[in-house]
>>> print(open('query_7.cif').read())   # mmCIF, C-alpha atoms
data_final
loop_
_atom_site.label_atom_id
_atom_site.label_comp_id
_atom_site.auth_asym_id
_atom_site.auth_seq_id
_atom_site.Cartn_x
_atom_site.Cartn_y
_atom_site.Cartn_z
CA MET Y 26 -13.64 11.53 -15.89
CA LYS Y 27 -10.15 10.39 -16.94
CA THR Y 28 -8.70 11.87 -13.75
CA ILE Y 29 -11.22 10.03 -11.56
CA LEU Y 30 -10.50 6.77 -13.37
CA VAL Y 31 -6.72 7.16 -12.94
CA PHE Y 32 -7.17 8.05 -9.26
CA LEU Y 33 -9.37 5.01 -8.57
CA ILE Y 34 -7.10 2.61 -10.48
CA VAL Y 35 -3.90 3.86 -8.83
CA PHE Y 36 -5.36 3.90 -5.32
CA SER Y 37 -7.11 0.54 -5.67
CA VAL Y 38 -4.09 -1.26 -7.16
CA VAL Y 39 -1.79 -0.06 -4.38
CA VAL Y 40 -4.23 -0.99 -1.59
CA VAL Y 41 -5.33 -4.34 -3.04
CA ILE Y 42 -1.71 -5.43 -3.58
CA HIS Y 43 -1.03 -4.43 0.04
CA GLU Y 44 -3.98 -6.46 1.30
CA PHE Y 45 -3.03 -9.45 -0.85
CA GLY Y 46 0.26 -9.61 1.06
CA HIS Y 47 -1.65 -10.03 4.34
CA PHE Y 48 -3.99 -12.53 2.68
CA TYR Y 49 -1.29 -14.76 1.21
CA PHE Y 50 0.83 -15.07 4.34
CA ALA Y 51 -2.20 -15.48 6.60
CA LYS Y 52 -3.28 -18.46 4.50
CA ARG Y 53 0.25 -19.90 4.68
CA ALA Y 54 0.12 -19.58 8.48
CA GLY Y 55 -3.19 -21.45 8.73
CA ILE Y 56 -5.15 -18.31 9.63
CA LEU Y 57 -8.66 -18.25 8.21
CA VAL Y 58 -9.20 -15.25 5.93
CA ARG Y 59 -12.94 -14.88 6.17
CA GLU Y 60 -13.25 -12.30 3.40
CA PHE Y 61 -11.04 -10.79 0.71
CA ALA Y 62 -12.81 -7.70 -0.63
CA ILE Y 63 -12.07 -5.53 -3.63
CA GLY Y 64 -13.70 -2.17 -3.03
CA MET Y 65 -15.63 -0.88 -0.05
CA GLY Y 66 -19.29 -0.41 0.89
CA PRO Y 67 -22.28 -2.53 -0.15
CA LYS Y 68 -21.62 -5.96 -1.62
CA LEU Y 69 -22.16 -6.38 -5.37
CA TYR Y 70 -20.86 -9.93 -5.83
CA SER Y 71 -19.48 -12.73 -3.67
CA HIS Y 72 -17.97 -16.16 -4.26
CA GLN Y 73 -17.18 -18.77 -1.63
CA GLY Y 74 -13.79 -20.30 -2.36
CA LYS Y 75 -12.79 -23.85 -1.52
CA ASP Y 76 -10.14 -22.38 0.78
CA GLY Y 77 -12.84 -21.02 3.10
CA THR Y 78 -12.44 -17.41 2.00
CA THR Y 79 -15.37 -15.42 0.65
CA TYR Y 80 -14.24 -13.22 -2.25
CA THR Y 81 -16.37 -10.10 -2.69
CA ILE Y 82 -16.59 -7.13 -5.00
CA ARG Y 83 -18.07 -4.07 -3.35
CA ALA Y 84 -19.73 -0.97 -4.72
CA LEU Y 85 -17.13 1.72 -3.97
CA PRO Y 86 -13.98 1.13 -6.05
CA MET Y 87 -11.69 2.40 -3.31
CA GLY Y 88 -9.05 -0.17 -2.40
CA GLY Y 89 -10.11 -3.26 -0.50
CA TYR Y 90 -9.52 -5.22 2.69
CA VAL Y 91 -9.02 -8.65 4.23
CA ARG Y 92 -10.85 -9.98 7.28
CA MET Y 93 -8.77 -12.42 9.25
CA ALA Y 94 -10.48 -14.62 11.83
CA GLY Y 95 -10.13 -13.11 15.28
CA ALA Y 96 -8.41 -9.92 14.12
CA GLU Y 97 -10.42 -6.97 15.44
CA GLU Y 98 -13.77 -8.54 14.56
CA GLU Y 99 -17.09 -7.83 16.25
CA GLU Y 100 -19.32 -10.66 17.40
CA GLU Y 101 -22.00 -11.52 14.83
CA LEU Y 102 -24.36 -13.25 17.27
CA LYS Y 103 -26.02 -11.90 20.41
CA ALA Y 104 -28.36 -13.37 22.98
CA GLY Y 105 -31.98 -12.79 21.98
CA MET Y 106 -31.17 -12.56 18.27
CA LEU Y 107 -33.56 -14.28 15.86
CA VAL Y 108 -31.69 -16.35 13.27
CA GLY Y 109 -32.27 -19.19 10.87
CA LEU Y 110 -30.37 -22.45 11.31
CA VAL Y 111 -29.67 -24.88 8.47
CA LEU Y 112 -28.91 -28.41 9.68
CA ASN Y 113 -27.33 -31.37 7.93
CA GLU Y 114 -28.45 -35.00 8.24
CA GLN Y 115 -26.58 -35.34 11.55
CA ASN Y 116 -28.53 -32.36 13.04
CA THR Y 117 -25.35 -30.30 12.99
CA VAL Y 118 -25.60 -26.60 12.13
CA ILE Y 119 -23.93 -25.87 8.79
CA LYS Y 120 -25.31 -22.36 8.25
CA ILE Y 121 -26.52 -19.53 10.51
CA ASN Y 122 -28.59 -16.82 8.83
CA THR Y 123 -28.57 -13.46 10.65
CA SER Y 124 -29.76 -11.44 7.64
CA GLN Y 125 -33.24 -10.09 7.05
CA LYS Y 126 -32.40 -9.76 3.35
CA VAL Y 127 -31.80 -13.47 2.80
CA GLN Y 128 -34.46 -16.11 3.23
CA LEU Y 129 -33.39 -19.77 3.45
CA PRO Y 130 -36.42 -22.01 2.85
CA ASN Y 131 -34.94 -24.96 4.78
CA ALA Y 132 -33.83 -22.86 7.80
CA ILE Y 133 -35.25 -23.41 11.30
CA PRO Y 134 -36.44 -20.20 13.06
CA PHE Y 135 -34.26 -19.94 16.15
CA GLU Y 136 -33.89 -17.48 19.04
CA VAL Y 137 -30.32 -17.46 20.35
CA ALA Y 138 -29.90 -17.84 24.11
CA LYS Y 139 -26.18 -18.56 24.23
CA TYR Y 140 -23.50 -19.79 21.91
CA ASP Y 141 -19.85 -20.80 21.69
CA LEU Y 142 -18.39 -20.59 18.21
CA LEU Y 143 -14.80 -20.53 19.47
CA ASP Y 144 -14.15 -23.77 21.34
CA ASN Y 145 -17.16 -26.02 22.00
CA LEU Y 146 -18.91 -25.01 18.76
CA THR Y 147 -22.46 -25.08 20.11
CA ILE Y 148 -25.49 -22.85 19.90
CA THR Y 149 -28.37 -22.96 22.41
CA GLY Y 150 -31.79 -21.38 22.08
CA PHE Y 151 -35.44 -21.83 21.28
CA VAL Y 152 -37.02 -23.20 18.11
CA ASN Y 153 -40.09 -21.28 16.88
CA GLY Y 154 -40.08 -19.17 20.04
CA ASP Y 155 -40.77 -22.11 22.37
CA GLU Y 156 -38.91 -20.85 25.47
CA SER Y 157 -40.02 -23.85 27.51
CA ASN Y 158 -37.77 -26.17 25.57
CA PRO Y 159 -34.18 -24.88 25.07
CA ILE Y 160 -32.26 -26.88 22.48
CA THR Y 161 -28.52 -27.10 21.96
CA TYR Y 162 -27.11 -27.84 18.50
CA ARG Y 163 -23.55 -28.72 17.60
CA VAL Y 164 -22.06 -26.30 15.04
CA ASP Y 165 -19.86 -27.64 12.26
CA HIS Y 166 -16.24 -26.38 12.34
CA ASP Y 167 -16.62 -25.05 8.80
CA ALA Y 168 -20.17 -23.72 9.19
CA MET Y 169 -21.17 -20.57 7.37
CA ILE Y 170 -22.79 -17.47 8.80
CA VAL Y 171 -24.90 -15.12 6.68
CA GLU Y 172 -24.19 -11.57 7.81
CA GLU Y 173 -26.68 -8.71 7.83
CA ASP Y 174 -25.77 -7.54 4.31
CA GLY Y 175 -26.17 -11.07 2.95
CA THR Y 176 -22.47 -11.93 2.75
CA GLU Y 177 -21.71 -15.55 3.64
CA VAL Y 178 -18.47 -16.14 5.56
CA ARG Y 179 -17.04 -18.99 7.59
CA ILE Y 180 -17.34 -18.95 11.36
CA ALA Y 181 -14.03 -18.41 13.17
CA PRO Y 182 -13.14 -21.21 15.63
CA ARG Y 183 -10.15 -20.53 17.85
CA ASP Y 184 -7.76 -22.87 16.02
CA VAL Y 185 -7.96 -20.81 12.80
CA GLN Y 186 -7.85 -17.40 14.46
CA PHE Y 187 -5.00 -14.93 14.03
CA GLN Y 188 -3.78 -15.30 17.63
CA SER Y 189 -3.54 -19.08 17.25
CA ALA Y 190 -0.72 -18.77 14.72
CA LYS Y 191 2.91 -18.77 15.89
CA LEU Y 192 4.42 -15.39 16.74
CA TRP Y 193 6.79 -15.36 13.76
CA GLN Y 194 3.89 -16.23 11.43
CA ARG Y 195 1.81 -13.34 12.77
CA MET Y 196 4.77 -10.97 12.42
CA LEU Y 197 5.31 -12.07 8.83
CA THR Y 198 1.60 -11.66 8.10
CA ASN Y 199 1.65 -8.12 9.52
CA PHE Y 200 4.78 -7.23 7.57
CA ALA Y 201 3.53 -8.79 4.31
CA GLY Y 202 1.32 -5.82 3.34
CA PRO Y 203 4.12 -3.22 3.30
CA MET Y 204 6.45 -5.84 1.78
CA ASN Y 205 4.07 -6.23 -1.15
CA ASN Y 206 4.06 -2.46 -1.62
CA PHE Y 207 7.86 -2.48 -1.82
CA ILE Y 208 7.79 -5.34 -4.34
CA LEU Y 209 5.16 -3.51 -6.43
CA THR Y 210 7.33 -0.36 -6.39
CA ILE Y 211 10.36 -2.28 -7.64
CA ILE Y 212 8.34 -3.94 -10.43
CA LEU Y 213 6.91 -0.60 -11.52
CA PHE Y 214 10.30 1.13 -11.56
CA ILE Y 215 11.76 -1.73 -13.61
CA ALA Y 216 8.83 -1.35 -16.04
CA ILE Y 217 9.46 2.41 -16.22
CA VAL Y 218 13.16 1.87 -16.98
CA PHE Y 219 12.29 -0.60 -19.75
CA LEU Y 220 9.74 1.83 -21.25
CA ARG Y 221 12.35 4.60 -21.13
CA GLY Y 222 14.73 2.33 -23.01
CA GLY Y 223 17.41 2.26 -20.34
CA VAL Y 224 18.81 3.80 -17.20
CA VAL Y 225 20.97 6.88 -16.74
CA ASP Y 226 24.65 6.03 -16.35
CA GLU Y 227 25.35 8.07 -13.22
CA GLN Y 228 29.01 7.03 -13.20
CA SER Y 229 29.67 8.40 -16.68
CA THR Y 230 30.19 12.01 -17.82
CA VAL Y 231 29.59 11.18 -21.49
CA ILE Y 232 26.90 13.42 -22.99
CA GLY Y 233 23.90 11.62 -24.44
CA ASP Y 234 21.16 13.49 -26.33
CA ILE Y 235 21.36 17.26 -26.75
CA SER Y 236 18.32 19.52 -27.01
CA PRO Y 237 18.05 21.14 -30.47
CA ASP Y 238 18.97 24.82 -30.38
CA GLY Y 239 19.79 24.58 -26.67
CA VAL Y 240 22.69 26.48 -25.15
CA ALA Y 241 24.89 23.34 -25.23
CA GLN Y 242 24.35 22.77 -28.96
CA VAL Y 243 24.85 26.45 -29.77
CA ALA Y 244 28.13 26.43 -27.79
CA GLY Y 245 29.37 23.42 -29.77
CA LEU Y 246 28.91 20.49 -27.41
CA LYS Y 247 28.04 17.20 -29.14
CA LYS Y 248 26.60 13.82 -28.29
CA GLY Y 249 29.42 11.50 -27.17
CA ASP Y 250 31.60 14.25 -25.71
CA LYS Y 251 33.11 13.20 -22.38
CA VAL Y 252 33.26 15.98 -19.79
CA LEU Y 253 36.59 15.95 -17.97
CA ALA Y 254 36.42 19.15 -15.91
CA ILE Y 255 34.36 22.30 -15.35
CA ASN Y 256 36.20 25.50 -14.43
CA GLN Y 257 39.31 23.34 -13.93
CA GLU Y 258 37.47 21.16 -11.36
CA THR Y 259 37.72 17.47 -12.28
CA ILE Y 260 34.33 15.82 -12.90
CA SER Y 261 33.91 12.08 -12.30
CA THR Y 262 30.10 11.53 -12.21
CA TRP Y 263 27.05 12.91 -13.97
CA THR Y 264 25.60 14.06 -10.64
CA GLU Y 265 28.66 16.23 -9.94
CA MET Y 266 28.30 17.85 -13.34
CA GLN Y 267 24.55 18.42 -12.86
CA THR Y 268 25.16 20.09 -9.50
CA ILE Y 269 27.68 22.59 -10.91
CA ILE Y 270 25.45 23.44 -13.87
CA LYS Y 271 22.37 23.97 -11.68
CA GLU Y 272 24.29 26.18 -9.26
CA ASN Y 273 25.49 28.55 -12.01
CA PRO Y 274 22.54 30.00 -13.95
CA ASN Y 275 23.66 32.74 -16.35
CA GLU Y 276 27.31 32.18 -15.31
CA GLU Y 277 29.84 31.23 -18.00
CA LEU Y 278 31.42 27.80 -17.47
CA HIS Y 279 34.65 26.52 -19.01
CA ILE Y 280 33.96 22.86 -19.85
CA GLU Y 281 36.92 20.66 -20.74
CA ILE Y 282 35.83 17.73 -22.93
CA GLN Y 283 37.36 14.77 -24.69
CA ARG Y 284 36.14 14.25 -28.26
CA GLY Y 285 37.72 11.23 -29.83
CA ASP Y 286 41.46 11.55 -29.31
CA GLN Y 287 41.36 15.30 -28.79
CA THR Y 288 40.82 17.43 -25.69
CA GLN Y 289 39.35 20.92 -25.90
CA THR Y 290 37.64 23.55 -23.75
CA ILE Y 291 34.22 24.94 -24.65
CA ASN Y 292 32.71 27.99 -22.95
CA VAL Y 293 28.98 27.81 -22.31
CA THR Y 294 26.54 29.77 -20.15
CA PRO Y 295 23.71 27.71 -18.52
CA LYS Y 296 20.26 29.06 -19.18
CA ALA Y 297 18.36 30.16 -16.07
CA VAL Y 298 15.07 28.26 -15.58
CA GLU Y 299 12.49 28.39 -12.80
CA ALA Y 300 12.57 25.48 -10.33
CA GLY Y 301 10.12 26.14 -7.52
CA GLU Y 302 11.03 29.41 -5.88
CA GLN Y 303 14.55 29.63 -7.31
CA LYS Y 304 16.37 29.67 -10.62
CA VAL Y 305 18.74 26.91 -11.69
CA GLY Y 306 21.09 26.50 -14.61
CA GLN Y 307 20.28 24.26 -17.58
CA LEU Y 308 22.39 23.31 -20.62
CA GLY Y 309 19.94 21.09 -22.47
CA ILE Y 310 22.00 17.90 -22.28
CA GLN Y 311 21.10 14.40 -21.14
CA ALA Y 312 23.20 11.65 -19.63
CA SER Y 313 24.19 8.60 -21.62
CA ILE Y 314 21.87 5.62 -21.20
CA LYS Y 315 22.72 2.01 -20.30
CA THR Y 316 20.43 -0.23 -22.33
CA GLY Y 317 21.49 -3.76 -21.30
CA PHE Y 318 18.82 -6.10 -19.87
CA TRP Y 319 20.47 -6.43 -16.46
CA ASP Y 320 21.33 -2.72 -16.47
CA LYS Y 321 17.59 -2.03 -16.68
CA ILE Y 322 16.76 -4.51 -13.90
CA ILE Y 323 19.45 -3.07 -11.62
CA GLY Y 324 18.36 0.45 -12.57
CA GLY Y 325 14.80 -0.32 -11.44
CA PHE Y 326 16.12 -1.53 -8.07
CA GLN Y 327 18.33 1.57 -7.75
CA GLU Y 328 15.48 3.97 -8.50
CA SER Y 329 13.32 2.14 -5.94
CA MET Y 330 16.07 2.49 -3.34
CA ASN Y 331 16.53 6.18 -4.18
CA THR Y 332 12.78 6.69 -3.66
CA PHE Y 333 12.91 4.81 -0.36
CA VAL Y 334 15.83 6.91 0.91
CA GLY Y 335 14.15 10.13 -0.25
CA ILE Y 336 10.93 9.32 1.63
CA ILE Y 337 12.84 8.37 4.79
CA GLN Y 338 14.74 11.68 4.64
CA ALA Y 339 11.47 13.57 4.15
CA LEU Y 340 9.96 11.70 7.09
CA ARG Y 341 12.92 12.61 9.27
CA SER Y 342 12.50 16.24 8.24
CA LEU Y 343 8.78 16.05 9.01
CA ILE Y 344 9.43 14.71 12.52
CA SER Y 345 12.00 17.42 13.30
CA ASN Y 346 9.94 20.24 11.75
CA PHE Y 347 6.30 19.14 11.57
CA SER Y 348 4.00 20.86 9.08
CA LEU Y 349 0.73 19.70 7.52
CA ASP Y 350 1.93 21.21 4.23
CA GLN Y 351 4.47 18.38 4.00
CA LEU Y 352 1.68 15.78 4.07
CA GLY Y 353 -0.83 14.85 1.40
CA GLY Y 354 -4.12 12.96 1.67
CA PRO Y 355 -6.74 11.77 -0.85
CA VAL Y 356 -7.18 15.28 -2.26
CA ALA Y 357 -3.45 15.56 -2.96
CA ILE Y 358 -3.43 12.11 -4.57
CA PHE Y 359 -6.40 13.15 -6.73
CA GLN Y 360 -4.55 16.30 -7.76
CA MET Y 361 -1.47 14.28 -8.72
CA SER Y 362 -3.69 11.80 -10.58
CA SER Y 363 -5.08 14.69 -12.61
CA GLN Y 364 -1.58 15.71 -13.67
CA ALA Y 365 -0.54 12.11 -14.36
CA ALA Y 366 -3.63 11.44 -16.48
CA ASN Y 367 -2.58 14.22 -18.85
CA GLN Y 368 1.06 13.13 -19.09
CA GLY Y 369 0.74 9.52 -20.22
CA VAL Y 370 1.29 5.98 -19.03
CA MET Y 371 4.85 6.58 -17.80
CA THR Y 372 3.72 9.25 -15.33
CA VAL Y 373 0.83 7.10 -14.10
CA LEU Y 374 3.24 4.23 -13.43
CA LEU Y 375 5.60 6.60 -11.61
CA LEU Y 376 2.74 7.97 -9.49
CA THR Y 377 1.64 4.43 -8.61
CA ALA Y 378 5.20 3.48 -7.64
CA MET Y 379 5.58 6.57 -5.43
CA ILE Y 380 2.24 6.03 -3.67
CA SER Y 381 3.01 2.34 -3.17
CA MET Y 382 6.38 3.11 -1.58
CA ASN Y 383 4.82 5.81 0.61
CA LEU Y 384 2.06 3.43 1.74
CA GLY Y 385 4.58 0.70 2.55
CA ILE Y 386 6.77 3.00 4.64
CA PHE Y 387 3.84 4.76 6.34
CA ASN Y 388 2.29 1.44 7.36
CA LEU Y 389 5.53 0.38 9.05
CA LEU Y 390 5.50 3.36 11.41
CA PRO Y 391 5.12 2.08 15.01
CA ILE Y 392 1.67 3.65 15.40
CA PRO Y 393 -1.22 1.59 16.87
CA GLY Y 394 -3.66 0.65 14.14
CA LEU Y 395 -0.96 0.44 11.46
CA ASP Y 396 1.01 -2.66 10.54
CA GLY Y 397 4.06 -1.17 12.27
CA GLY Y 398 2.04 -0.79 15.47
CA LYS Y 399 0.97 -4.43 15.26
CA LEU Y 400 4.58 -5.48 14.73
CA LEU Y 401 5.55 -3.47 17.80
CA LEU Y 402 2.95 -5.35 19.83
CA ASN Y 403 4.36 -8.61 18.42
CA VAL Y 404 7.82 -7.57 19.66
CA VAL Y 405 6.39 -6.72 23.09
CA GLU Y 406 4.76 -10.16 23.16
CA GLY Y 407 8.07 -11.78 22.28
CA VAL Y 408 9.86 -9.91 25.08
CA ARG Y 409 7.13 -10.58 27.69
CA GLY Y 410 6.60 -14.17 26.62
CA LYS Y 411 2.86 -13.58 26.38
CA PRO Y 412 0.58 -11.22 24.46
CA LEU Y 413 -1.20 -8.22 25.93
CA SER Y 414 -4.78 -8.83 26.92
CA GLN Y 415 -7.32 -8.31 24.15
CA GLU Y 416 -8.84 -5.44 26.15
CA LYS Y 417 -5.52 -3.55 26.41
CA GLU Y 418 -4.62 -4.24 22.79
CA GLY Y 419 -8.07 -3.10 21.71
CA ILE Y 420 -7.74 0.18 23.64
CA ILE Y 421 -4.26 0.85 22.20
CA THR Y 422 -5.49 0.14 18.68
CA LEU Y 423 -8.60 2.31 19.15
CA VAL Y 424 -6.54 5.28 20.40
CA GLY Y 425 -4.07 4.90 17.52
CA PHE Y 426 -6.87 4.63 14.98
CA GLY Y 427 -8.56 7.71 16.41
CA LEU Y 428 -5.34 9.74 16.13
CA LEU Y 429 -4.87 8.55 12.54
CA MET Y 430 -8.42 9.59 11.63
CA LEU Y 431 -7.85 13.01 13.22
CA LEU Y 432 -4.62 13.41 11.25
CA MET Y 433 -6.38 12.34 8.04
CA VAL Y 434 -9.15 14.93 8.58
CA LEU Y 435 -6.59 17.69 9.22
CA VAL Y 436 -4.49 16.72 6.19
CA THR Y 437 -7.56 16.53 3.93
CA TRP Y 438 -8.83 19.92 5.10
CA ASN Y 439 -5.37 21.40 4.58
CA ASP Y 440 -5.27 19.90 1.05
CA ILE Y 441 -8.68 21.38 0.22
CA GLN Y 442 -7.59 24.85 1.34
CA ARG Y 443 -4.24 24.54 -0.45
CA PHE Y 444 -5.58 23.34 -3.81
CA PHE Y 445 -8.96 25.09 -4.01
CA PHE Y 446 -8.64 28.28 -1.94
#
>>> encode(input="query_7.cif", output="structure tokens")
Amino acid sequence: MKTILVFLIVFSVVVVIHEFGHFYFAKRAGILVREFAIGMGPKLYSHQGKDGTTYTIRALPMGGYVRMAGAEEEEELKAGMLVGLVLNEQNTVIKINTSQKVQLPNAIPFEVAKYDLLDNLTITGFVNGDESNPITYRVDHDAMIVEEDGTEVRIAPRDVQFQSAKLWQRMLTNFAGPMNNFILTIILFIAIVFLRGGVVDEQSTVIGDISPDGVAQVAGLKKGDKVLAINQETISTWTEMQTIIKENPNEELHIEIQRGDQTQTINVTPKAVEAGEQKVGQLGIQASIKTGFWDKIIGGFQESMNTFVGIIQALRSLISNFSLDQLGGPVAIFQMSSQAANQGVMTVLLLTAMISMNLGIFNLLPIPGLDGGKLLLNVVEGVRGKPLSQEKEGIITLVGFGLLMLLMVLVTWNDIQRFFF
């Protein structure tokens, strides 16, 4: 149960923060966000905000989504559909009920013949099935439409649709989701550094804590010793020292240190420990820690950047030597959540930061259906001076989405075989 809870919280936080980026910048650009949903599936609760957005909580606690007016939406009305119309005192439609689950006592039974909810804002049809007398009503710009599941959202006139915003506003809206993931990653890494009490001083070779009864303590190394050289090779950073130690399991090293005003050489043999499929050396020493406030802030940024670079390098390796084993889907995330749940808050925060960074980078790939694919289409529009037709863009997006779904199925099946069989 704890594993499931950690998985749902981690996944939902990362996705909702991503979607909030799209939501915030869409609103700033004047794009109508018809719905901001937390969770997926059937609606549990909804609230109509003064900003025109319907905020919903849905039954499946798996992420969330935003619905922007005109962005890959299906038409809610069709000719021949039976709906209920609610009129105001000026005989203007303020609500259209398409749901069989919701009954509006003051609604007029209406069969739709034709409609224009984009430009002219009119709806034409027959009241009470009287096909001899077609009637046309004006539709209010901010009218509501009750969808089949009972959710009330605003209609989407052309002036508040996604494509009506300026190109740079649409590009910023598309980029805002991944950007929010990067910001979340930085915040989480800063929080991790503060919880750890500081950040490793990579530019120092001063020994911090020493494991009790470890090979370093037995050999005579002490906290505060500054490593000057190993096997007569000058050492200037902690990373250099780590590399030499790891590469020499069970091999005696001659470590020259400075202790106070004195310099001495201590011989120590790194203990061999398993690391994946190989053995590496380990002394049982830790780097000194920088504990200043700004050191921690900068350390959080540095760890975020290191994670970013690591993922980019892994992505480059994946492209040059593709293997499904290098990818992980929901099953892999669940497996990692299980491990994190048993290792405490710090590990959960680290897992969330890693998934957030991965989601941000993955979404920026120039693949149709992802934010990166949308940005690519924005660039094409900027070069051409006009957007692609909705039909072409829809086909490109559909093909990209289909390929992504196929990849997700393959990755999930591979995860199931890897973890359970």
>>> resolve_selection(input="query_7.cif", expression="the PyMOL selection byres ((chain Y and resi 280) around 9)", output="CSV table (one decimal) with C-alpha atoms, in the frame of the given file")
chain,number,residue,atom,x,y,z
Y,252,VAL,CA,33.3,16.0,-19.8
Y,253,LEU,CA,36.6,16.0,-18.0
Y,254,ALA,CA,36.4,19.2,-15.9
Y,255,ILE,CA,34.4,22.3,-15.4
Y,256,ASN,CA,36.2,25.5,-14.4
Y,257,GLN,CA,39.3,23.3,-13.9
Y,278,LEU,CA,31.4,27.8,-17.5
Y,279,HIS,CA,34.6,26.5,-19.0
Y,281,GLU,CA,36.9,20.7,-20.7
Y,282,ILE,CA,35.8,17.7,-22.9
Y,289,GLN,CA,39.4,20.9,-25.9
Y,290,THR,CA,37.6,23.6,-23.8
Y,291,ILE,CA,34.2,24.9,-24.6
Y,292,ASN,CA,32.7,28.0,-23.0
Y,293,VAL,CA,29.0,27.8,-22.3
>>> atom_distance(input="query_7.cif", atom1="atom CA of Val370 of chain Y", atom2="atom CA of Ile212 of chain Y")
14.9 Å
>>> resolve_selection(input="query_7.cif", expression="the PyMOL selection byres ((chain Y and resi 214-230) around 9)", output="number ranges by chain")
Y: 209-213, 231-232, 250-253, 260-264, 266, 311-318, 320-329, 371-372, 374-375, 378
>>> residues_around(input="query_7.cif", residues="segment 164-175 of chain Y", least_positions_apart="5", cutoff="8 Å", atoms="only C-alpha atoms", output="VMD selection string")
chain Y and resid 67 to 68 77 101 117 to 127 142 146 to 148 180 182
>>> closest_residue(input="query_7.cif", among="Y:Leu431, Y:Val243, Y:Met93, Y:Leu402", to="Tyr49 of chain Y", atoms="only C-alpha atoms")
Y:Met93
>>> atom_distance(input="query_7.cif", atom1="atom CA of Leu85 of chain Y", atom2="atom CA of Val108 of chain Y")
28.9 Å
>>> resolve_selection(input="query_7.cif", expression="the PyMOL selection byres ((chain Y and resi 193) around 12)", output="MDAnalysis selection string")
chainID Y and resid 50:51 54 187:192 194:201 400 403:404 406:407
>>> atom_distance(input="query_7.cif", atom1="atom CA of Lys248 of chain Y", atom2="atom CA of Gln283 of chain Y")
11.4 Å
>>> closest_residue(input="query_7.cif", among="Y:Ile392, Y:Val111, Y:Leu102, Y:Val178", to="Gly427 of chain Y", atoms="only C-alpha atoms")
Y:Ile392
>>> residues_near_point(input="query_7.cif", point="(22.0, 26.3, -18.1)", cutoff="7 Å", atoms="all atoms listed in the file", output="ChimeraX atom specification")
/Y:270-271,274-275,294-297,306-308
>>> closest_residue(input="query_7.cif", among="Y:Leu57, Y:Met106, Y:Leu112, Y:Met65", to="Asn131 of chain Y", atoms="only C-alpha atoms")
Y:Leu112
>>> closest_residue(input="query_7.cif", among="Y:Glu258, Y:Asp396, Y:Glu100, Y:Asp184", to="His43 of chain Y", atoms="all atoms listed in the file")
Y:Asp396
>>> axis_aligned_box(input="query_7.cif", around="segment 311-323 of chain Y", padding_each_side="6 Å", output="lines of an AutoDock Vina configuration file")
center_x = 20.5
center_y = 4.0
center_z = -17.0
size_x = 19.4
size_y = 32.8
size_z = 22.7
>>> closest_residue(input="query_7.cif", among="Y:Lys411, Y:Glu60, Y:Glu299, Y:Phe45", to="Glu177 of chain Y", atoms="all atoms listed in the file")
Y:Glu60
